$ cat target.cif   # mmCIF, C-alpha atoms
data_query
#
loop_
_atom_site.label_atom_id
_atom_site.label_comp_id
_atom_site.auth_asym_id
_atom_site.auth_seq_id
_atom_site.Cartn_x
_atom_site.Cartn_y
_atom_site.Cartn_z
CA MET A 1173 215.15 -128.09 180.04
CA ALA A 1174 217.68 -128.57 182.79
CA ASP A 1175 221.30 -129.40 182.23
CA THR A 1176 222.32 -132.11 184.69
CA GLY A 1177 225.90 -130.89 184.69
CA ILE A 1178 225.19 -127.57 186.40
CA ALA A 1179 223.42 -126.50 189.54
CA SER A 1180 223.55 -122.71 189.17
CA ALA A 1181 221.34 -122.26 186.11
CA GLU A 1182 218.73 -124.08 184.11
CA VAL A 1183 219.36 -123.92 180.37
CA HIS A 1184 216.33 -123.34 178.15
CA GLY A 1185 215.84 -123.46 174.41
CA ASN A 1186 216.85 -125.65 171.51
CA CYS A 1187 220.09 -127.22 170.37
CA ALA A 1188 220.35 -129.31 167.21
CA LYS A 1189 222.06 -132.67 167.28
CA GLY A 1190 225.79 -132.29 166.85
CA PHE A 1191 225.89 -128.88 168.51
CA GLU A 1192 225.93 -130.21 172.06
CA PRO A 1193 229.43 -128.72 172.59
CA VAL A 1194 227.87 -125.24 172.33
CA ARG A 1195 225.30 -126.11 174.96
CA ALA A 1196 228.00 -127.50 177.22
CA ALA A 1197 230.17 -124.39 176.80
CA PHE A 1198 227.18 -122.15 177.48
CA ALA A 1199 226.31 -124.09 180.63
CA ALA A 1200 229.93 -123.99 181.78
CA ASN A 1201 229.90 -120.18 181.62
CA PHE A 1202 227.49 -120.20 184.56
CA MET A 1203 229.93 -122.19 186.64
CA GLU A 1204 233.22 -120.48 185.83
CA PRO A 1205 233.58 -117.50 185.51
CA GLY A 1206 230.07 -117.25 186.93
CA GLU A 1207 227.57 -115.88 184.42
CA THR A 1208 224.40 -114.14 185.67
CA GLY A 1209 222.14 -114.25 182.62
CA ALA A 1210 222.84 -114.83 178.94
CA SER A 1211 221.68 -116.08 175.57
CA VAL A 1212 223.57 -117.76 172.76
CA SER A 1213 222.57 -118.52 169.20
CA VAL A 1214 224.19 -120.22 166.22
CA VAL A 1215 222.94 -120.13 162.64
CA LEU A 1216 224.35 -122.53 160.05
CA ASN A 1217 223.63 -121.99 156.35
CA GLY A 1218 220.61 -119.87 157.22
CA GLN A 1219 219.11 -122.29 159.76
CA THR A 1220 219.13 -121.70 163.53
CA VAL A 1221 220.82 -124.70 165.14
CA VAL A 1222 221.33 -123.28 168.64
CA ASP A 1223 219.03 -120.93 170.53
CA LEU A 1224 219.61 -121.09 174.28
CA TRP A 1225 219.14 -118.84 177.30
CA ALA A 1226 219.66 -119.19 181.04
CA GLY A 1227 220.14 -117.37 184.31
CA HIS A 1228 218.69 -114.09 185.49
CA ALA A 1229 218.14 -110.64 184.03
CA ASP A 1230 218.94 -108.83 187.29
CA GLY A 1231 221.83 -108.78 189.72
CA LYS A 1232 219.66 -109.93 192.62
CA ARG A 1233 218.65 -112.98 190.56
CA THR A 1234 214.91 -112.49 191.00
CA LYS A 1235 213.97 -112.06 187.32
CA PRO A 1236 214.57 -115.14 185.11
CA TRP A 1237 216.17 -114.56 181.72
CA GLN A 1238 213.57 -115.22 179.04
CA ARG A 1239 213.80 -116.04 175.35
CA ASP A 1240 213.02 -112.39 174.54
CA THR A 1241 215.19 -110.74 177.20
CA LEU A 1242 217.11 -107.83 175.71
CA ALA A 1243 220.57 -106.70 176.79
CA ASN A 1244 222.79 -103.77 175.95
CA VAL A 1245 225.53 -105.17 173.72
CA TRP A 1246 227.85 -102.15 173.64
CA SER A 1247 230.07 -102.21 170.54
CA THR A 1248 228.39 -105.29 169.11
CA THR A 1249 225.90 -102.60 168.02
CA LYS A 1250 228.47 -101.36 165.49
CA GLY A 1251 227.81 -104.33 163.23
CA MET A 1252 224.17 -103.30 162.91
CA GLY A 1253 225.12 -99.71 162.15
CA ALA A 1254 227.55 -100.96 159.50
CA LEU A 1255 224.74 -103.04 158.00
CA VAL A 1256 222.57 -99.92 157.61
CA CYS A 1257 225.42 -98.18 155.78
CA GLY A 1258 225.93 -101.23 153.57
CA MET A 1259 222.25 -101.28 152.65
CA LEU A 1260 222.46 -97.63 151.60
CA VAL A 1261 225.55 -98.41 149.49
CA GLU A 1262 223.60 -101.21 147.81
CA ARG A 1263 220.77 -98.79 147.03
CA GLY A 1264 223.17 -96.33 145.42
CA ALA A 1265 222.78 -93.63 148.08
CA PHE A 1266 226.57 -93.36 148.40
CA SER A 1267 229.73 -95.41 147.95
CA TYR A 1268 232.48 -96.15 150.43
CA ASP A 1269 234.85 -94.14 148.24
CA ASP A 1270 232.70 -91.01 148.42
CA LYS A 1271 233.78 -88.18 150.66
CA VAL A 1272 231.75 -87.71 153.82
CA SER A 1273 231.63 -83.97 153.13
CA ALA A 1274 229.74 -84.56 149.88
CA TYR A 1275 226.68 -85.39 151.99
CA TRP A 1276 227.59 -83.51 155.17
CA PRO A 1277 229.25 -80.26 154.04
CA GLU A 1278 230.01 -79.01 157.56
CA PHE A 1279 232.20 -82.06 158.07
CA ALA A 1280 234.82 -80.57 155.73
CA ALA A 1281 235.94 -78.13 158.46
CA ALA A 1282 239.44 -78.44 159.93
CA ASP A 1283 240.89 -80.18 156.85
CA LYS A 1284 238.49 -83.15 156.93
CA GLY A 1285 237.06 -82.62 153.47
CA ASN A 1286 238.85 -85.58 151.88
CA ILE A 1287 237.87 -88.23 154.44
CA THR A 1288 235.96 -91.00 152.69
CA ILE A 1289 232.99 -92.87 154.07
CA GLY A 1290 235.07 -96.05 154.07
CA GLN A 1291 237.76 -94.35 156.12
CA MET A 1292 235.22 -92.95 158.56
CA LEU A 1293 233.62 -96.35 159.14
CA SER A 1294 237.02 -98.02 159.59
CA HIS A 1295 238.20 -95.67 162.33
CA GLN A 1296 240.67 -93.69 160.22
CA ALA A 1297 239.13 -90.21 160.56
CA GLY A 1298 241.08 -89.15 163.65
CA LEU A 1299 237.89 -88.31 165.54
CA CYS A 1300 238.18 -91.16 168.01
CA GLY A 1301 236.82 -89.06 170.86
CA PRO A 1302 235.51 -85.56 171.57
CA ALA A 1303 238.04 -82.74 171.87
CA VAL A 1304 236.17 -81.23 174.83
CA PRO A 1305 235.02 -82.87 178.08
CA THR A 1306 231.82 -84.76 177.31
CA THR A 1307 229.26 -86.46 179.53
CA ALA A 1308 227.37 -89.64 178.70
CA GLU A 1309 224.20 -87.55 178.45
CA GLU A 1310 225.86 -85.28 175.89
CA MET A 1311 227.10 -88.29 173.90
CA CYS A 1312 223.46 -89.34 173.62
CA ASN A 1313 222.52 -85.93 172.20
CA HIS A 1314 223.04 -86.70 168.53
CA ALA A 1315 222.59 -83.17 167.15
CA LEU A 1316 225.02 -81.70 169.68
CA MET A 1317 227.70 -84.34 169.06
CA ALA A 1318 227.36 -84.23 165.27
CA GLU A 1319 227.92 -80.48 165.36
CA ARG A 1320 230.95 -80.83 167.63
CA LEU A 1321 232.57 -83.57 165.57
CA ALA A 1322 231.96 -81.72 162.31
CA THR A 1323 234.06 -78.78 163.52
CA GLN A 1324 236.70 -80.83 165.34
CA ALA A 1325 240.21 -81.24 163.94
CA PRO A 1326 241.45 -84.82 163.50
CA MET A 1327 243.97 -86.21 165.97
CA TRP A 1328 246.13 -87.60 163.15
CA THR A 1329 246.29 -87.34 159.39
CA PRO A 1330 243.10 -89.10 158.24
CA GLY A 1331 243.83 -92.32 156.39
CA SER A 1332 247.30 -92.71 157.88
CA ARG A 1333 246.24 -95.13 160.63
CA SER A 1334 243.25 -96.50 162.47
CA GLY A 1335 242.28 -95.56 166.00
CA TYR A 1336 239.14 -97.15 167.39
CA HIS A 1337 236.30 -94.59 167.54
CA ALA A 1338 234.62 -96.35 170.47
CA LEU A 1339 231.60 -94.04 170.73
CA THR A 1340 232.02 -91.33 168.11
CA VAL A 1341 231.69 -93.61 165.07
CA GLY A 1342 228.05 -94.03 166.04
CA ILE A 1343 227.53 -90.28 165.81
CA LEU A 1344 229.38 -90.08 162.48
CA ALA A 1345 227.52 -92.99 160.90
CA GLY A 1346 224.22 -91.79 162.30
CA GLU A 1347 224.60 -88.30 160.86
CA LEU A 1348 225.62 -89.65 157.47
CA VAL A 1349 222.56 -91.91 157.40
CA ARG A 1350 220.32 -89.03 158.43
CA ARG A 1351 221.71 -86.71 155.75
CA VAL A 1352 221.42 -89.32 153.01
CA SER A 1353 218.17 -91.11 153.86
CA GLY A 1354 216.22 -88.51 155.80
CA ARG A 1355 215.80 -91.04 158.61
CA THR A 1356 217.68 -91.56 161.84
CA ILE A 1357 219.84 -94.67 161.91
CA GLY A 1358 217.57 -96.26 164.52
CA THR A 1359 214.47 -95.58 162.45
CA PHE A 1360 216.12 -96.96 159.32
CA PHE A 1361 217.15 -100.11 161.17
CA ARG A 1362 213.67 -100.57 162.62
CA GLU A 1363 211.87 -100.03 159.32
CA GLU A 1364 214.27 -101.85 156.99
CA VAL A 1365 215.72 -104.64 159.16
CA ALA A 1366 213.96 -105.24 162.48
CA ALA A 1367 210.34 -105.08 161.33
CA PRO A 1368 210.48 -106.83 157.94
CA PHE A 1369 212.87 -109.58 159.05
CA GLY A 1370 211.68 -110.13 162.63
CA ILE A 1371 215.00 -109.05 164.15
CA ASP A 1372 214.54 -108.31 167.87
CA PHE A 1373 217.16 -105.58 168.09
CA PHE A 1374 216.90 -101.85 168.73
CA ILE A 1375 219.11 -98.85 168.12
CA GLY A 1376 217.06 -96.55 170.31
CA LEU A 1377 214.81 -98.54 172.64
CA PRO A 1378 211.21 -97.38 173.18
CA ALA A 1379 210.26 -97.06 176.85
CA SER A 1380 207.52 -99.60 176.17
CA GLU A 1381 210.23 -102.29 175.89
CA ASP A 1382 212.02 -101.51 179.18
CA ALA A 1383 210.42 -104.40 181.03
CA ARG A 1384 212.28 -106.85 178.78
CA VAL A 1385 215.73 -105.33 179.34
CA ALA A 1386 218.36 -107.01 181.49
CA GLU A 1387 220.18 -105.04 184.14
CA MET A 1388 223.81 -104.61 183.13
CA ILE A 1389 226.23 -105.61 185.91
CA PRO A 1390 229.77 -104.18 186.05
CA ALA A 1391 232.78 -106.47 185.92
CA THR A 1392 234.33 -107.35 189.25
CA LYS A 1393 237.74 -106.29 187.93
CA SER A 1394 238.99 -104.05 185.14
CA ASN A 1395 241.56 -104.64 182.46
CA MET A 1396 241.67 -100.97 181.52
CA PRO A 1397 245.29 -99.75 181.44
CA ASP A 1398 246.72 -97.24 183.89
CA PRO A 1399 245.52 -93.79 182.71
CA SER A 1400 249.09 -92.49 182.95
CA THR A 1401 250.15 -94.92 180.20
CA LEU A 1402 247.47 -93.86 177.69
CA ASN A 1403 248.17 -91.80 174.58
CA ILE A 1404 246.01 -88.82 173.66
CA SER A 1405 243.87 -90.85 171.28
CA GLN A 1406 243.18 -93.52 173.89
CA ILE A 1407 242.20 -90.93 176.47
CA ALA A 1408 239.76 -89.37 174.02
CA ALA A 1409 238.27 -92.67 172.82
CA LEU A 1410 238.13 -94.63 176.06
CA GLY A 1411 237.88 -91.93 178.71
CA ASN A 1412 235.71 -89.12 177.34
CA PRO A 1413 233.14 -89.69 178.67
CA ALA A 1414 234.50 -91.92 181.41
CA PRO A 1415 233.30 -95.50 180.92
CA ASP A 1416 230.34 -96.44 183.12
CA ALA A 1417 229.08 -100.01 182.92
CA ARG A 1418 225.83 -99.01 184.64
CA VAL A 1419 224.79 -96.33 182.15
CA PRO A 1420 222.78 -98.81 180.00
CA ASN A 1421 220.39 -99.10 182.93
CA GLU A 1422 219.41 -95.44 182.42
CA ARG A 1423 216.52 -94.40 180.19
CA PHE A 1424 218.45 -91.58 178.49
CA TRP A 1425 220.98 -94.14 177.24
CA ARG A 1426 218.46 -96.75 176.15
CA GLY A 1427 216.40 -94.23 174.22
CA ALA A 1428 219.30 -92.67 172.30
CA GLU A 1429 220.27 -93.83 168.80
CA LEU A 1430 223.98 -94.42 169.29
CA SER A 1431 224.88 -97.12 166.78
CA SER A 1432 228.32 -97.53 168.33
CA ALA A 1433 227.29 -98.70 171.78
CA ASN A 1434 223.66 -98.73 172.94
CA GLY A 1435 222.00 -101.45 170.88
CA GLN A 1436 219.60 -103.69 172.80
CA GLY A 1437 218.93 -107.15 171.48
CA THR A 1438 218.92 -110.91 171.80
CA ALA A 1439 221.57 -113.37 170.69
CA SER A 1440 219.05 -114.94 168.34
CA ALA A 1441 218.45 -111.63 166.57
CA ILE A 1442 222.14 -110.90 166.14
CA ALA A 1443 222.97 -114.43 164.98
CA ARG A 1444 220.20 -114.33 162.37
CA VAL A 1445 221.68 -111.17 160.87
CA TYR A 1446 225.20 -112.60 160.86
CA GLY A 1447 223.87 -115.90 159.55
CA ALA A 1448 222.59 -114.00 156.53
CA LEU A 1449 225.94 -112.23 156.12
CA ALA A 1450 227.70 -115.62 156.33
CA SER A 1451 225.67 -117.09 153.49
CA ASP A 1452 223.68 -115.55 150.64
CA GLY A 1453 222.38 -112.44 152.40
CA THR A 1454 218.86 -113.77 152.95
CA ILE A 1455 216.81 -114.41 156.09
CA ASP A 1456 214.08 -117.02 155.68
CA GLY A 1457 214.36 -116.65 151.91
CA LYS A 1458 213.96 -112.86 151.94
CA ARG A 1459 216.81 -110.68 150.70
CA LEU A 1460 218.56 -108.57 153.35
CA VAL A 1461 221.59 -107.64 151.24
CA LYS A 1462 223.19 -108.97 148.10
CA PRO A 1463 226.36 -111.12 148.27
CA GLU A 1464 228.34 -108.40 146.49
CA THR A 1465 227.25 -105.94 149.17
CA ILE A 1466 228.54 -108.25 151.88
CA ARG A 1467 231.88 -108.38 150.09
CA ALA A 1468 231.97 -104.59 149.86
CA MET A 1469 231.12 -104.15 153.54
CA THR A 1470 233.90 -106.50 154.54
CA ALA A 1471 236.58 -105.49 152.05
CA LEU A 1472 239.79 -104.51 153.83
CA GLN A 1473 239.96 -100.76 154.47
CA ILE A 1474 243.08 -100.72 156.65
CA GLU A 1475 245.20 -103.07 158.74
CA GLY A 1476 248.02 -102.60 161.21
CA HIS A 1477 248.55 -101.35 164.73
CA ASP A 1478 245.43 -99.60 166.01
CA GLU A 1479 246.21 -96.29 167.74
CA VAL A 1480 243.54 -96.79 170.41
CA LEU A 1481 243.28 -100.55 170.86
CA ALA A 1482 247.10 -100.86 170.92
CA MET A 1483 246.93 -104.17 169.06
CA PRO A 1484 246.87 -105.43 165.48
CA ALA A 1485 243.57 -104.74 163.75
CA ARG A 1486 241.98 -105.31 160.35
CA TRP A 1487 238.98 -103.16 159.53
CA GLY A 1488 236.28 -103.42 156.91
CA ALA A 1489 233.59 -100.75 156.52
CA GLY A 1490 232.50 -100.96 160.14
CA TYR A 1491 233.35 -104.62 160.76
CA ILE A 1492 236.30 -106.22 162.52
CA LEU A 1493 237.97 -108.60 160.09
CA ASN A 1494 239.32 -111.69 161.79
CA VAL A 1495 242.77 -111.27 163.29
CA GLY A 1496 244.56 -113.42 165.82
CA GLY A 1497 241.78 -116.01 165.85
CA LEU A 1498 239.31 -113.60 167.46
CA TYR A 1499 236.48 -115.08 165.39
CA GLY A 1500 237.69 -118.62 164.92
CA PRO A 1501 240.20 -120.24 162.57
CA ASN A 1502 239.18 -118.76 159.21
CA ASP A 1503 240.50 -115.49 157.79
CA GLU A 1504 237.17 -114.85 156.06
CA ALA A 1505 235.33 -114.42 159.37
CA PHE A 1506 234.25 -110.98 160.55
CA GLY A 1507 231.97 -109.37 163.11
CA HIS A 1508 232.05 -107.07 166.10
CA SER A 1509 232.53 -107.57 169.82
CA GLY A 1510 231.24 -105.44 172.66
CA TRP A 1511 232.76 -104.26 175.92
CA GLY A 1512 232.14 -106.88 178.56
CA GLY A 1513 231.69 -110.03 176.46
CA SER A 1514 228.95 -109.83 173.84
CA PHE A 1515 229.71 -110.46 170.15
CA GLY A 1516 228.25 -111.24 166.77
CA MET A 1517 230.21 -112.86 163.95
CA ALA A 1518 229.90 -114.41 160.52
CA ASP A 1519 232.11 -116.92 158.74
CA PRO A 1520 231.33 -117.13 155.02
CA LYS A 1521 233.65 -120.13 154.66
CA THR A 1522 231.50 -122.29 156.93
CA GLY A 1523 228.16 -120.46 156.76
CA LEU A 1524 228.23 -119.82 160.51
CA GLY A 1525 226.59 -116.89 162.27
CA ILE A 1526 227.17 -116.80 166.05
CA SER A 1527 226.19 -114.45 168.85
CA TYR A 1528 226.49 -114.26 172.62
CA VAL A 1529 224.66 -111.73 174.79
CA MET A 1530 224.93 -111.39 178.56
CA ASN A 1531 224.43 -108.94 181.42
CA GLN A 1532 227.38 -109.79 183.70
CA MET A 1533 230.15 -107.81 182.10
CA GLY A 1534 233.69 -109.11 181.88
CA PRO A 1535 236.74 -106.84 181.89
CA ASP A 1536 237.65 -107.03 178.18
CA LEU A 1537 236.84 -104.98 175.07
CA ALA A 1538 237.24 -108.14 172.97
CA GLY A 1539 238.41 -111.70 173.41
CA ASP A 1540 236.22 -112.49 176.43
CA ALA A 1541 236.82 -116.01 177.74
CA ARG A 1542 233.11 -116.88 177.63
CA ALA A 1543 232.88 -115.71 174.02
CA ASN A 1544 236.02 -117.63 173.08
CA ALA A 1545 234.55 -120.82 174.55
CA ILE A 1546 231.32 -120.42 172.58
CA ILE A 1547 233.16 -119.83 169.30
CA ALA A 1548 235.47 -122.81 169.85
CA ALA A 1549 232.50 -125.03 170.64
CA ALA A 1550 230.63 -123.93 167.52
CA TYR A 1551 233.55 -124.87 165.29
CA ALA A 1552 234.00 -128.15 167.16
CA SER A 1553 230.38 -128.96 166.28
CA LEU A 1554 230.87 -128.73 162.50
#
$ encode --input "target.cif" --output "structure tokens"
Amino acid sequence: MADTGIASAEVHGNCAKGFEPVRAAFAANFMEPGETGASVSVVLNGQTVVDLWAGHADGKRTKPWQRDTLANVWSTTKGMGALVCGMLVERGAFSYDDKVSAYWPEFAAADKGNITIGQMLSHQAGLCGPAVPTTAEEMCNHALMAERLATQAPMWTPGSRSGYHALTVGILAGELVRRVSGRTIGTFFREEVAAPFGIDFFIGLPASEDARVAEMIPATKSNMPDPSTLNISQIAALGNPAPDARVPNERFWRGAELSSANGQGTASAIARVYGALASDGTIDGKRLVKPETIRAMTALQIEGHDEVLAMPARWGAGYILNVGGLYGPNDEAFGHSGWGGSFGMADPKTGLGISYVMNQMGPDLAGDARANAIIAAAYASL
């Protein structure tokens, strides 16, 4: 259905009465700052109230964005990896207070034996980036990176601070899941979340799904700081390997199981997961996780100045806890944002689950203007 207020894109999908502000904000994103293709979804108390898509899945604007178009969501993937870990906690496979080395003995090298799983998932391990020059292809080689990180010395005393593990947390979480469950993190997600709950999201995309994937388009400008101003932790986390907005268009990246950055999914899929986390942990009446598990996943692990992000941060066990209004007005909200503009969030106070997915990347790691507009509109609709 067309939106008479815009000429650059036709908005498709459904929007419940009262949530017109979300539709208007979504449409406005195609005017200024000039979206290419995107989807947005809002779930309220377990029911989808907004499911919209528009634009094109390619930079040349020849391939219309469809309801099932997938896009690389960068660090928004971390919320799905954290969910897998939470499900294993619920099943008694480990606790957040357990030491990583209890399940991964090699990880104890270089004085890392006392790092807990909760600390690892909340970016406190001091392994925010590889100690040796690393390519994107190597980062997608799970066995290689797990071995390297297991022997690597931490960049600070573990537990003394947080420093965003932009890519490496996906290796760490993935190896823990493999050691404990006998399955890769992508396989676990597919078998325990995606398939039984109808969640159109992949950590490790089969080549058979490539035709549905949007082309990721680099931002026209960058907000990355001058390299000469970066500390050692920032260089490791944000520059090794050097960031490349086009790498999601490569098969080696799509096929890897990097739960920190290479998830491919729709806004509807992400919002349905966060909608469950915002309410009673069920999707369509079927239990995903228990309410007490949600509270454990989002219990505060550490807060303060993040060594890598260089801003205040509050971390749960893999989730960003709301700070500075990133996820709306309520302190209870949590989620994860991705480089370039995507995000998924839950607000248990209101029962809201919200997600935005796009292929035209913006310059920010978090706080994208398009995302901010969607979140503000969702709250204005309540």
$ residues_around --input "target.cif" --residues "range 1340-1354 of chain A" --least-positions-apart "4" --cutoff "10 Å" --atoms "all atoms listed in the file" --output "ChimeraX atom specification"
/A:1247,1249-1250,1253-1254,1256-1257,1260,1265-1266,1272-1273,1275-1276,1279,1289,1292-1295,1297,1299-1302,1311-1319,1321-1322,1336,1358-1360,1408-1409,1429-1434,1490
$ write_last_selection --input "target.cif" --atoms "C-alpha atoms" --output "compact mmCIF listing (two decimals), in the frame of the given file"
# COMPACT_ATOMS: atom_id res chain seq x y z
CA SER A 1247 230.07 -102.21 170.54
CA THR A 1249 225.90 -102.60 168.02
CA LYS A 1250 228.47 -101.36 165.49
CA GLY A 1253 225.12 -99.71 162.15
CA ALA A 1254 227.55 -100.96 159.50
CA VAL A 1256 222.57 -99.92 157.61
CA CYS A 1257 225.42 -98.18 155.78
CA LEU A 1260 222.46 -97.63 151.60
CA ALA A 1265 222.78 -93.63 148.08
CA PHE A 1266 226.57 -93.36 148.40
CA VAL A 1272 231.75 -87.71 153.82
CA SER A 1273 231.63 -83.97 153.13
CA TYR A 1275 226.68 -85.39 151.99
CA TRP A 1276 227.59 -83.51 155.17
CA PHE A 1279 232.20 -82.06 158.07
CA ILE A 1289 232.99 -92.87 154.07
CA MET A 1292 235.22 -92.95 158.56
CA LEU A 1293 233.62 -96.35 159.14
CA SER A 1294 237.02 -98.02 159.59
CA HIS A 1295 238.20 -95.67 162.33
CA ALA A 1297 239.13 -90.21 160.56
CA LEU A 1299 237.89 -88.31 165.54
CA CYS A 1300 238.18 -91.16 168.01
CA GLY A 1301 236.82 -89.06 170.86
CA PRO A 1302 235.51 -85.56 171.57
CA MET A 1311 227.10 -88.29 173.90
CA CYS A 1312 223.46 -89.34 173.62
CA ASN A 1313 222.52 -85.93 172.20
CA HIS A 1314 223.04 -86.70 168.53
CA ALA A 1315 222.59 -83.17 167.15
CA LEU A 1316 225.02 -81.70 169.68
CA MET A 1317 227.70 -84.34 169.06
CA ALA A 1318 227.36 -84.23 165.27
CA GLU A 1319 227.92 -80.48 165.36
CA LEU A 1321 232.57 -83.57 165.57
CA ALA A 1322 231.96 -81.72 162.31
CA TYR A 1336 239.14 -97.15 167.39
CA GLY A 1358 217.57 -96.26 164.52
CA THR A 1359 214.47 -95.58 162.45
CA PHE A 1360 216.12 -96.96 159.32
CA ALA A 1408 239.76 -89.37 174.02
CA ALA A 1409 238.27 -92.67 172.82
CA GLU A 1429 220.27 -93.83 168.80
CA LEU A 1430 223.98 -94.42 169.29
CA SER A 1431 224.88 -97.12 166.78
CA SER A 1432 228.32 -97.53 168.33
CA ALA A 1433 227.29 -98.70 171.78
CA ASN A 1434 223.66 -98.73 172.94
CA GLY A 1490 232.50 -100.96 160.14
$ resolve_selection --input "target.cif" --expression "the PyMOL selection byres ((chain A and resi 1324-1331) around 7)" --output "NGL selection string"
:A and (1282 or 1287 or 1291 or 1296-1299 or 1303 or 1320-1323 or 1332-1333)
$ atom_distance --input "target.cif" --atom1 "CA of Ala1543 in chain A" --atom2 "CA of Met1469 in chain A"
23.6 Å
$ closest_residue --input "target.cif" --among "A:Arg1355, A:Ser1514, A:Phe1202, A:Thr1465" --to "Gly1264 in chain A" --atoms "only C-alpha atoms"
A:Thr1465
$ resolve_selection --input "target.cif" --expression "the PyMOL selection byres ((chain A and resi 1467) around 12)" --output "number ranges by chain"
A: 1255, 1258, 1261-1262, 1449-1453, 1461-1466, 1468-1473, 1488-1489, 1491, 1493, 1504-1506, 1520
$ atom_distance --input "target.cif" --atom1 "CA of Gly1437 in chain A" --atom2 "CA of Lys1235 in chain A"
17.3 Å
$ atom_distance --input "target.cif" --atom1 "CA of Glu1479 in chain A" --atom2 "CA of Ala1541 in chain A"
24.0 Å
$ residues_around --input "target.cif" --residues "Ala1538 in chain A" --least-positions-apart "6" --cutoff "9 Å" --atoms "only C-alpha atoms" --output "PyMOL selection string"
chain A and resi 1498+1508-1515
$ resolve_selection --input "target.cif" --expression "the PyMOL selection byres ((chain A and resi 1365-1375) around 6)" --output "list in words"
Gly1358, Phe1361, Arg1362, Glu1363, Glu1364, Gly1376, Leu1377, Glu1429, Gly1435, Gln1436, Gly1437 and Ala1441 of chain A
$ closest_residue --input "target.cif" --among "A:Met1483, A:Met1252, A:Met1259, A:Ala1417" --to "Thr1392 in chain A" --atoms "only C-alpha atoms"
A:Ala1417
